[in-house]
>>> print(open('query-v4.tsv').read())   # TSV, C-alpha atoms and all ligand atoms
chain	number	residue	atom	x	y	z
D	41	VAL	CA	24.34	13.63	15.67
D	42	THR	CA	25.38	10.12	16.76
D	43	LEU	CA	24.58	6.95	14.83
D	44	SER	CA	23.25	3.83	16.55
D	45	LEU	CA	22.16	0.46	15.22
D	46	TYR	CA	19.05	-1.58	16.02
D	47	ILE	CA	18.89	-5.20	14.84
D	48	HIS	CA	15.49	-6.90	14.93
D	49	TYR	CA	15.33	-10.70	15.32
D	50	PRO	CA	11.66	-11.64	14.90
D	51	PHE	CA	11.36	-15.14	16.41
D	52	CYS	CA	10.17	-16.36	19.81
D	53	LEU	CA	9.59	-19.76	21.40
D	54	SER	CA	5.92	-18.89	21.92
D	55	LYS	CA	3.70	-15.82	21.62
D	56	CYS	CA	2.86	-14.02	24.87
D	57	PRO	CA	-0.83	-13.09	25.00
D	58	TYR	CA	-0.23	-9.35	25.61
D	59	CYS	CA	2.45	-8.89	22.94
D	60	ASP	CA	1.95	-6.93	19.74
D	61	PHE	CA	5.63	-6.79	18.77
D	62	ASN	CA	6.73	-8.13	15.42
D	63	SER	CA	7.46	-11.62	16.73
D	64	HIS	CA	6.68	-14.99	15.21
D	65	VAL	CA	6.84	-18.56	16.44
D	66	SER	CA	8.78	-20.69	14.02
D	67	GLU	CA	9.87	-24.29	14.56
D	68	VAL	CA	12.80	-24.01	12.19
D	69	VAL	CA	14.82	-20.90	11.38
D	70	ASP	CA	17.48	-21.00	8.66
D	71	HIS	CA	20.09	-19.05	10.60
D	72	ASP	CA	22.63	-19.11	7.75
D	73	LEU	CA	20.11	-17.32	5.56
D	74	TRP	CA	19.18	-14.88	8.35
D	75	THR	CA	22.83	-14.09	9.01
D	76	LYS	CA	23.60	-13.50	5.31
D	77	SER	CA	20.50	-11.33	4.87
D	78	THR	CA	21.27	-9.22	7.94
D	79	LEU	CA	24.86	-8.69	6.81
D	80	LYS	CA	23.67	-7.76	3.34
D	81	GLU	CA	21.21	-5.20	4.71
D	82	LEU	CA	23.96	-3.70	6.89
D	83	GLU	CA	26.19	-3.30	3.82
D	84	HIS	CA	23.41	-1.43	2.03
D	85	PHE	CA	22.73	0.84	4.99
D	86	TYR	CA	26.44	1.66	5.04
D	87	GLU	CA	26.09	3.34	1.63
D	88	PHE	CA	23.94	6.03	3.30
D	89	THR	CA	25.95	6.42	6.49
D	90	ALA	CA	29.59	5.92	5.44
D	91	GLY	CA	32.15	7.78	7.51
D	92	GLN	CA	30.19	7.63	10.77
D	93	THR	CA	31.00	5.36	13.70
D	94	ILE	CA	28.52	3.36	15.75
D	95	HIS	CA	27.57	4.81	19.13
D	96	SER	CA	25.46	1.87	20.39
D	97	ILE	CA	23.92	-1.38	19.18
D	98	PHE	CA	20.71	-3.01	20.39
D	99	PHE	CA	19.63	-6.55	19.47
D	100	GLY	CA	15.85	-6.60	20.03
D	101	GLY	CA	12.94	-8.72	19.02
D	102	GLY	CA	11.42	-11.18	19.19
D	103	THR	CA	13.90	-13.04	21.31
D	104	PRO	CA	17.43	-12.30	20.09
D	105	SER	CA	18.94	-14.61	22.70
D	106	LEU	CA	17.64	-17.43	20.46
D	107	MET	CA	20.16	-16.36	17.80
D	108	PRO	CA	23.20	-18.59	17.56
D	109	VAL	CA	26.16	-16.82	19.17
D	110	SER	CA	28.01	-17.07	15.82
D	111	MET	CA	25.25	-14.99	14.19
D	112	VAL	CA	25.62	-12.21	16.77
D	113	GLU	CA	29.39	-12.41	16.36
D	114	GLN	CA	29.24	-12.05	12.58
D	115	ILE	CA	26.89	-9.06	12.86
D	116	LEU	CA	29.24	-7.34	15.33
D	117	GLN	CA	32.24	-8.13	13.14
D	118	LYS	CA	30.54	-6.72	10.03
D	119	THR	CA	29.45	-3.59	11.92
D	120	ASN	CA	32.99	-3.03	13.10
D	121	ASP	CA	34.41	-3.63	9.62
D	122	LEU	CA	31.98	-1.17	8.02
D	123	TRP	CA	31.60	1.68	10.51
D	124	GLY	CA	33.79	0.87	13.50
D	125	PHE	CA	32.67	1.37	17.10
D	126	GLU	CA	32.88	4.51	19.17
D	127	GLU	CA	34.93	4.10	22.33
D	128	ASN	CA	32.74	2.45	25.02
D	129	CYS	CA	30.14	1.47	22.42
D	130	GLU	CA	27.19	-0.01	24.29
D	131	VAL	CA	26.10	-3.39	22.88
D	132	THR	CA	22.81	-4.58	24.41
D	133	LEU	CA	21.04	-7.85	23.70
D	134	GLU	CA	17.55	-8.74	24.89
D	135	ALA	CA	17.27	-12.19	26.42
D	136	ASN	CA	14.63	-14.35	27.97
D	137	PRO	CA	15.48	-16.25	31.14
D	138	THR	CA	15.09	-19.85	29.92
D	139	SER	CA	18.04	-22.04	30.84
D	140	VAL	CA	18.99	-22.62	27.18
D	141	GLU	CA	19.39	-18.90	26.64
D	142	ALA	CA	21.22	-18.35	29.95
D	143	GLN	CA	23.84	-20.89	28.84
D	144	LYS	CA	24.84	-18.47	26.08
D	145	PHE	CA	25.55	-15.52	28.38
D	146	SER	CA	29.27	-16.22	28.83
D	147	ASP	CA	29.80	-16.61	25.04
D	148	LEU	CA	27.78	-13.46	24.30
D	149	SER	CA	29.91	-11.50	26.73
D	150	ARG	CA	33.11	-12.93	25.18
D	151	ILE	CA	32.18	-11.78	21.66
D	152	GLY	CA	31.43	-8.19	22.70
D	153	VAL	CA	27.88	-7.93	24.05
D	154	ASN	CA	28.41	-5.72	27.12
D	155	ARG	CA	24.87	-5.16	28.40
D	156	LEU	CA	21.98	-7.61	28.80
D	157	SER	CA	18.29	-6.77	29.01
D	158	LEU	CA	16.30	-9.64	30.52
D	159	GLY	CA	12.55	-10.14	29.97
D	160	ILE	CA	11.68	-11.23	33.52
D	161	GLN	CA	8.19	-9.58	33.56
D	162	SER	CA	7.24	-10.81	37.04
D	163	LEU	CA	8.80	-12.37	40.13
D	164	ASP	CA	5.48	-13.98	41.05
D	165	GLN	CA	4.84	-17.47	39.64
D	166	LYS	CA	1.07	-17.04	39.24
D	167	GLN	CA	1.57	-13.76	37.40
D	168	LEU	CA	4.12	-15.31	35.04
D	169	GLU	CA	1.49	-17.88	34.16
D	170	PHE	CA	-1.15	-15.17	33.64
D	171	LEU	CA	1.30	-13.36	31.34
D	172	GLY	CA	1.84	-16.59	29.40
D	173	ARG	CA	5.59	-16.65	29.96
D	174	THR	CA	7.55	-19.83	29.33
D	175	HIS	CA	9.98	-19.38	32.26
D	176	ASP	CA	9.34	-19.73	35.99
D	177	THR	CA	10.52	-17.61	38.92
D	178	ILE	CA	13.44	-19.95	39.67
D	179	GLN	CA	14.74	-19.58	36.11
D	180	ALA	CA	14.17	-15.83	36.35
D	181	ARG	CA	16.34	-15.48	39.44
D	182	GLN	CA	19.01	-17.82	38.08
D	183	ALA	CA	19.14	-15.85	34.82
D	184	ILE	CA	19.57	-12.57	36.73
D	185	GLU	CA	22.39	-14.12	38.75
D	186	THR	CA	24.11	-15.59	35.67
D	187	ALA	CA	23.73	-12.32	33.76
D	188	GLN	CA	25.37	-10.39	36.60
D	189	LYS	CA	28.29	-12.82	36.54
D	190	TYR	CA	29.05	-12.10	32.89
D	191	PHE	CA	27.82	-8.54	32.30
D	192	ARG	CA	28.81	-5.53	34.32
D	193	ARG	CA	25.70	-3.77	33.01
D	194	MET	CA	22.32	-5.47	32.93
D	195	SER	CA	18.68	-4.57	33.21
D	196	PHE	CA	15.46	-6.45	33.46
D	197	ASP	CA	11.83	-5.72	32.60
D	198	LEU	CA	8.78	-6.12	34.79
D	199	ILE	CA	5.12	-5.61	33.88
D	200	TYR	CA	2.91	-4.13	36.59
D	201	ALA	CA	-0.60	-2.64	36.94
D	202	ARG	CA	-1.84	-6.17	36.39
D	203	PRO	CA	-5.40	-7.31	37.19
D	204	ASN	CA	-6.18	-7.19	40.93
D	205	GLN	CA	-2.72	-5.91	41.80
D	206	THR	CA	-2.63	-3.78	44.95
D	207	VAL	CA	-0.04	-1.11	45.68
D	208	GLY	CA	1.20	-3.21	48.61
D	209	ALA	CA	1.66	-6.38	46.53
D	210	TRP	CA	3.46	-4.47	43.77
D	211	LYS	CA	5.77	-2.75	46.26
D	212	ALA	CA	6.76	-6.13	47.73
D	213	GLU	CA	7.53	-7.53	44.26
D	214	LEU	CA	9.39	-4.38	43.21
D	215	ASP	CA	11.38	-4.35	46.43
D	216	LEU	CA	12.65	-7.85	45.63
D	217	ALA	CA	13.44	-6.77	42.05
D	218	LEU	CA	15.41	-3.78	43.33
D	219	GLN	CA	17.44	-6.04	45.63
D	220	LEU	CA	18.27	-8.22	42.62
D	221	SER	CA	18.87	-5.38	40.16
D	222	ALA	CA	22.19	-4.07	38.90
D	223	GLY	CA	21.19	-0.43	38.63
D	224	HIS	CA	18.64	-0.41	35.79
D	225	LEU	CA	15.03	-1.57	35.55
D	226	SER	CA	12.37	-1.13	32.84
D	227	LEU	CA	8.95	-1.10	34.51
D	228	TYR	CA	5.95	-1.07	32.19
D	229	GLN	CA	2.28	-0.87	33.05
D	230	LEU	CA	0.27	-3.62	31.36
D	231	THR	CA	-1.51	-2.24	28.31
D	232	ILE	CA	-4.04	-4.04	26.16
D	233	GLU	CA	-3.10	-4.00	22.49
D	234	LYS	CA	-5.48	-4.64	19.61
D	235	GLY	CA	-5.10	-8.00	17.90
D	236	THR	CA	-3.69	-9.81	20.95
D	237	PRO	CA	-5.41	-12.62	22.92
D	238	PHE	CA	-5.51	-10.26	25.93
D	239	PHE	CA	-7.51	-7.80	23.86
D	240	THR	CA	-10.22	-10.40	23.28
D	241	ARG	CA	-10.19	-11.61	26.88
D	242	HIS	CA	-10.30	-8.07	28.23
D	243	ALA	CA	-13.20	-7.21	25.92
D	244	ARG	CA	-15.03	-10.27	27.29
D	245	HIS	CA	-14.45	-8.88	30.83
D	246	GLU	CA	-12.42	-11.93	31.81
D	247	PHE	CA	-10.13	-9.56	33.70
D	248	HIS	CA	-9.97	-5.85	34.53
D	249	LEU	CA	-7.04	-3.49	34.61
D	250	PRO	CA	-6.52	-1.06	37.50
D	251	ASN	CA	-8.54	2.14	37.09
D	252	ASP	CA	-6.77	5.45	36.40
D	253	ASP	CA	-6.44	6.38	40.09
D	254	LEU	CA	-4.90	3.05	41.05
D	255	ALA	CA	-2.63	3.09	37.99
D	256	SER	CA	-1.47	6.55	39.04
D	257	ASP	CA	-0.83	5.39	42.64
D	258	LEU	CA	1.11	2.37	41.34
D	259	TYR	CA	3.25	4.70	39.22
D	260	ASP	CA	3.99	7.00	42.16
D	261	ALA	CA	4.82	4.03	44.41
D	262	THR	CA	7.21	2.76	41.72
D	263	THR	CA	9.05	6.06	41.44
D	264	GLU	CA	9.30	6.45	45.22
D	265	LEU	CA	10.53	2.92	45.93
D	266	CYS	CA	13.08	3.00	43.11
D	267	ALA	CA	14.39	6.30	44.47
D	268	THR	CA	15.07	4.71	47.87
D	269	TYR	CA	17.43	2.32	46.05
D	270	GLY	CA	19.08	5.18	44.14
D	271	LEU	CA	17.31	4.51	40.82
D	272	TYR	CA	15.69	7.61	39.31
D	273	ASN	CA	13.00	7.52	36.63
D	274	TYR	CA	15.05	9.02	33.86
D	275	GLU	CA	12.33	8.09	31.36
D	276	VAL	CA	8.60	7.36	31.70
D	277	SER	CA	9.16	3.61	32.24
D	278	ASN	CA	12.90	3.38	32.86
D	279	TYR	CA	14.75	3.67	36.16
D	280	ALA	CA	18.50	3.78	36.65
D	281	ARG	CA	21.35	4.73	38.90
D	282	VAL	CA	23.18	7.76	37.47
D	283	GLY	CA	25.50	6.45	34.75
D	284	GLU	CA	23.52	3.22	34.20
D	285	GLU	CA	20.95	4.71	31.79
D	286	SER	CA	20.54	2.87	28.46
D	287	ARG	CA	22.74	4.84	26.07
D	288	HIS	CA	20.98	3.24	23.11
D	289	ASN	CA	17.48	4.20	24.18
D	290	LEU	CA	18.69	7.70	25.03
D	291	CYS	CA	19.52	8.01	21.29
D	292	TYR	CA	15.82	7.54	20.44
D	293	TRP	CA	14.62	9.95	23.09
D	294	ASN	CA	17.24	12.56	22.16
D	295	TYR	CA	16.32	12.21	18.49
D	296	GLN	CA	19.70	10.98	17.32
D	297	ASP	CA	20.16	8.87	14.17
D	298	TYR	CA	19.77	5.10	14.16
D	299	ILE	CA	19.73	2.36	11.58
D	300	GLY	CA	16.84	-0.10	11.92
D	301	CYS	CA	17.84	-3.43	10.38
D	302	GLY	CA	15.62	-6.54	10.16
D	303	PRO	CA	11.88	-7.17	9.69
D	304	GLY	CA	9.67	-4.30	10.80
D	305	ALA	CA	12.59	-2.23	12.11
D	306	HIS	CA	12.22	1.55	12.03
D	307	GLY	CA	15.14	3.94	11.57
D	308	ARG	CA	15.87	7.65	11.54
D	309	LEU	CA	18.83	8.76	9.40
D	310	THR	CA	20.18	12.12	8.34
D	311	ILE	CA	20.96	11.69	4.64
D	312	LYS	CA	22.56	14.70	2.92
D	313	GLY	CA	21.17	16.92	5.69
D	314	GLN	CA	17.62	15.54	5.38
D	315	LYS	CA	16.14	13.57	8.30
D	316	THR	CA	14.69	10.40	6.80
D	317	ALA	CA	12.33	7.78	8.21
D	318	THR	CA	13.00	4.18	7.23
D	319	ARG	CA	10.85	1.12	7.89
D	320	MET	CA	11.54	-2.44	6.81
D	321	HIS	CA	8.87	-4.95	5.77
D	322	ARG	CA	7.31	-6.63	8.80
D	323	ALA	CA	6.70	-10.12	7.42
D	324	PRO	CA	9.91	-12.18	7.75
D	325	GLU	CA	9.49	-13.91	4.38
D	326	ILE	CA	8.86	-10.64	2.51
D	327	TRP	CA	11.82	-8.99	4.24
D	328	LEU	CA	14.07	-11.92	3.22
D	329	GLN	CA	12.84	-11.73	-0.36
D	330	ARG	CA	13.35	-7.95	-0.64
D	331	VAL	CA	16.83	-8.16	0.86
D	332	ALA	CA	17.71	-10.91	-1.63
D	333	GLU	CA	16.37	-8.82	-4.54
D	334	GLN	CA	17.51	-5.31	-3.64
D	335	GLY	CA	19.77	-5.48	-0.59
D	336	LEU	CA	17.34	-3.70	1.75
D	337	GLY	CA	13.97	-4.92	3.02
D	338	THR	CA	12.52	-1.43	2.67
D	339	ALA	CA	8.80	-0.84	3.05
D	340	GLU	CA	9.13	2.92	3.60
D	341	TRP	CA	11.91	5.43	2.97
D	342	GLN	CA	10.62	8.94	3.40
D	343	ALA	CA	11.92	12.44	4.03
D	344	ILE	CA	10.60	13.80	7.34
D	345	SER	CA	8.92	17.21	7.13
D	346	ALA	CA	9.86	19.97	9.57
D	347	GLN	CA	6.42	19.68	11.22
D	348	GLN	CA	6.89	15.91	11.71
D	349	GLU	CA	10.42	16.39	13.06
D	350	PHE	CA	9.18	19.01	15.51
D	351	GLU	CA	6.40	16.70	16.75
D	352	GLU	CA	8.67	13.67	16.98
D	353	ARG	CA	11.23	15.66	18.98
D	354	LEU	CA	8.51	16.63	21.45
D	355	MET	CA	7.07	13.11	21.66
D	356	MET	CA	10.45	11.52	22.30
D	357	GLY	CA	12.12	14.24	24.38
D	358	LEU	CA	9.27	14.75	26.84
D	359	ARG	CA	9.58	11.09	27.85
D	360	LEU	CA	12.84	12.05	29.55
D	361	LYS	CA	12.92	13.51	33.04
D	362	THR	CA	15.42	16.08	31.75
D	363	GLY	CA	13.20	16.82	28.74
D	364	ILE	CA	14.41	18.67	25.66
D	365	ASP	CA	17.19	21.17	25.09
D	366	VAL	CA	15.08	23.89	23.48
D	367	SER	CA	18.07	25.33	21.62
D	368	VAL	CA	17.38	22.62	18.97
D	369	PHE	CA	14.23	24.57	18.12
D	370	GLN	CA	16.34	27.59	17.07
D	371	HIS	CA	17.09	25.73	13.83
D	372	PRO	CA	15.48	27.74	10.98
D	373	SER	CA	13.27	24.81	9.90
D	374	LEU	CA	11.87	24.32	13.43
D	375	SER	CA	11.72	27.82	14.90
D	376	ASP	CA	8.29	28.73	13.47
D	377	HIS	CA	6.76	25.51	14.78
D	378	TRP	CA	8.31	26.15	18.19
D	379	GLN	CA	7.04	29.73	18.38
D	380	LYS	CA	3.54	28.63	17.39
D	381	CYS	CA	3.57	25.87	20.00
D	382	LEU	CA	5.02	28.15	22.66
D	383	ASN	CA	2.27	30.73	22.12
D	384	SER	CA	-0.56	28.20	21.90
D	385	GLY	CA	-3.33	28.09	24.46
D	386	ALA	CA	-2.51	24.44	25.15
D	387	MET	CA	1.09	25.23	26.10
D	388	LYS	CA	-0.06	28.08	28.35
D	389	THR	CA	-2.56	25.79	30.11
D	390	LEU	CA	-0.05	22.96	30.53
D	391	ARG	CA	2.54	25.35	31.95
D	392	ALA	CA	0.04	27.03	34.26
D	393	GLU	CA	-0.92	23.62	35.63
D	394	ASN	CA	2.73	22.61	36.10
D	395	ILE	CA	2.35	19.71	33.70
D	396	LEU	CA	5.01	21.14	31.40
D	397	ILE	CA	7.88	23.23	32.76
D	398	LEU	CA	9.94	25.61	30.64
D	399	THR	CA	13.25	26.92	31.94
D	400	GLU	CA	15.77	29.08	30.10
D	401	ASP	CA	17.13	26.12	28.17
D	402	ARG	CA	14.86	23.09	28.69
D	403	LEU	CA	11.26	21.98	28.31
D	404	PHE	CA	10.26	19.01	30.45
D	405	ALA	CA	7.20	17.33	31.91
D	406	SER	CA	6.57	17.13	35.64
D	407	GLN	CA	5.91	13.70	37.22
D	408	ALA	CA	2.17	14.38	36.73
D	409	GLY	CA	2.85	15.19	33.09
D	410	ARG	CA	4.96	12.09	32.43
D	411	LYS	CA	2.27	9.90	34.01
D	412	THR	CA	-0.23	11.12	31.42
D	413	LEU	CA	2.15	11.89	28.59
D	414	ASP	CA	0.03	10.49	25.75
D	415	SER	CA	-2.86	12.77	26.71
D	416	VAL	CA	-0.56	15.73	27.26
D	417	LEU	CA	1.01	15.34	23.82
D	418	ASN	CA	-2.33	14.81	22.18
D	419	TYR	CA	-3.60	18.01	23.75
D	420	LEU	CA	-0.44	19.98	22.94
D	421	LEU	CA	-0.21	18.86	19.30
D	422	ASN	CA	-3.93	18.77	18.49
D	423	SER	CA	-5.36	21.36	20.85
D	424	ASP	CA	-7.60	22.74	18.13
D	425	ARG	CA	-9.37	19.37	18.16
D	426	HIS	CA	-9.02	18.10	21.74
D	427	SER	CA	-9.48	19.40	25.24
D	428	LEU	CA	-7.10	18.35	28.02
D	429	ARG	CA	-8.08	14.97	29.38
D	430	VAL	CA	-5.82	13.39	31.94
D	431	ALA	CA	-6.01	9.62	31.54
D	432	SER	CA	-4.04	6.67	32.83
D	433	PRO	CA	-0.23	6.66	32.92
D	434	ALA	CA	1.61	5.95	29.67
T	501	LIG	S1	8.98	-13.11	24.32
T	501	LIG	FE1	8.79	-10.88	24.06
T	501	LIG	S2	8.66	-10.51	21.86
T	501	LIG	FE2	8.30	-12.72	22.20
T	501	LIG	S3	6.08	-12.89	22.29
T	501	LIG	FE3	6.79	-12.65	24.41
T	501	LIG	S4	6.74	-10.41	24.81
T	501	LIG	FE4	6.58	-10.72	22.58
>>> encode(input="query-v4.tsv", output="structure tokens")
Amino acid sequence: VTLSLYIHYPFCLSKCPYCDFNSHVSEVVDHDLWTKSTLKELEHFYEFTAGQTIHSIFFGGGTPSLMPVSMVEQILQKTNDLWGFEENCEVTLEANPTSVEAQKFSDLSRIGVNRLSLGIQSLDQKQLEFLGRTHDTIQARQAIETAQKYFRRMSFDLIYARPNQTVGAWKAELDLALQLSAGHLSLYQLTIEKGTPFFTRHARHEFHLPNDDLASDLYDATTELCATYGLYNYEVSNYARVGEESRHNLCYWNYQDYIGCGPGAHGRLTIKGQKTATRMHRAPEIWLQRVAEQGLGTAEWQAISAQQEFEERLMMGLRLKTGIDVSVFQHPSLSDHWQKCLNSGAMKTLRAENILILTEDRLFASQAGRKTLDSVLNYLLNSDRHSLRVASPA
């Protein structure tokens, strides 16, 4: 089992109307306090993970490119002092393409960040405005160019399946993105999350999302066009040239261990042989207070049952094109769950319909299965309560 580290920085310049991440707009952030608190939480996590080395680090948010470079540097230094890095440790930082943030790229690369993930979201000016982004397409392209100058590995995100988007228009935008890309893209279909301004506007019918058929066509067009540029869809929403896959995100999907540090961060750790779920308090001020009082901003610290581990392994592993190495289910705590699942009517139906494919050593979802993964998993894990319903792509 490898050990990775996720650091959550919860602040943004403004709140995007579709976003339900744990992000907050704050005029003033006391970065000295945030640095000290993050370092303190790392020291406390070390008590449970001593002796391991760090496989990958991901600075997410929020907008971690708003962190002072010195804060990132101190976190990397502390991580190295405590655990040390594996050879070729991947260090990714999420950035937005405003010019202020792009100015930091050279310094971030100098202090050890070796992969950048840019929140571009669209290469169409009108769509950036619809998505409530603070950057424009010129800044987006400049940020991609600057990032490629300083980072050998970089990725950027786009949101598609937007209102009124045709397959043709999306293919033109994606084609441009592929010409600009450095071998990795994260391509997400727009989803409407409860509690966001888009949720209210969508409920008022101010805009409509593509129906299931169009969403499915958009997904297929995405996979096909990416393939012509040599990027394969190694995960439901992630496309890469072989070797350019996100090593950090592969840890989640392969059910490896990771520390989740910072407000709202989740983690999965093996402590004395027991897989444990950790979750930090979401509200920044409560997290700060708990870290000051007890060293960790813990809201939840719970042993994971064998049933939960089995389900989580399926939910994460089936996102990958290569699926799951089923030998993990030979473990005594998981084998009964696996046998029950294997012999279930739901599994038989999904295999008969080529939605799930089982070979000698792997279980994976076909393209049709990955497009509808939420429904497939719901059916597989709750088949006594649900019938198979193939809905829009995940
Ligand atoms: S920049 Fe990212 S994290 Fe911040 S509000 Fe927008 S989508 Fe959410």
>>> residues_near_ligand(input="query-v4.tsv", ligand="ligand LIG 501 (chain T)", cutoff="12 Å", atoms="only C-alpha atoms and all ligand atoms", output="VMD selection string")
chain D and resid 48 to 66 99 to 106 134 to 138 157 to 161 168 171 to 175 197 to 199 228 230 233 236 to 237
>>> residues_around(input="query-v4.tsv", residues="segment 280-285 of chain D", least_positions_apart="4", cutoff="8 Å", atoms="only C-alpha atoms", output="PyMOL selection string")
chain D and resi 193+223-225+270-274+290
>>> residues_around(input="query-v4.tsv", residues="Thr268 of chain D", least_positions_apart="5", cutoff="10 Å", atoms="only C-alpha atoms", output="list of chain:residue names")
D:Asp215, D:Leu218, D:Thr263
>>> closest_residue(input="query-v4.tsv", among="D:Glu141, D:Asp147, D:Asp414, D:Asp252", to="Ala180 of chain D", atoms="all atoms listed in the file")
D:Glu141
>>> atom_distance(input="query-v4.tsv", atom1="atom CA of Gln348 of chain D", atom2="atom CA of Asn383 of chain D")
18.7 Å
>>> residues_around(input="query-v4.tsv", residues="Asn289 of chain D", least_positions_apart="2", cutoff="10 Å", atoms="all atoms listed in the file", output="PyMOL selection string")
chain D and resi 44+96-98+275+278+285-287+291-296
>>> write_last_selection(input="query-v4.tsv", atoms="C-alpha atoms", output="compact mmCIF listing (two decimals), in the coordinates of the input")
# COMPACT_ATOMS: atom_id res chain seq x y z
CA SER D 44 23.25 3.83 16.55
CA SER D 96 25.46 1.87 20.39
CA ILE D 97 23.92 -1.38 19.18
CA PHE D 98 20.71 -3.01 20.39
CA GLU D 275 12.33 8.09 31.36
CA ASN D 278 12.90 3.38 32.86
CA GLU D 285 20.95 4.71 31.79
CA SER D 286 20.54 2.87 28.46
CA ARG D 287 22.74 4.84 26.07
CA CYS D 291 19.52 8.01 21.29
CA TYR D 292 15.82 7.54 20.44
CA TRP D 293 14.62 9.95 23.09
CA ASN D 294 17.24 12.56 22.16
CA TYR D 295 16.32 12.21 18.49
CA GLN D 296 19.70 10.98 17.32
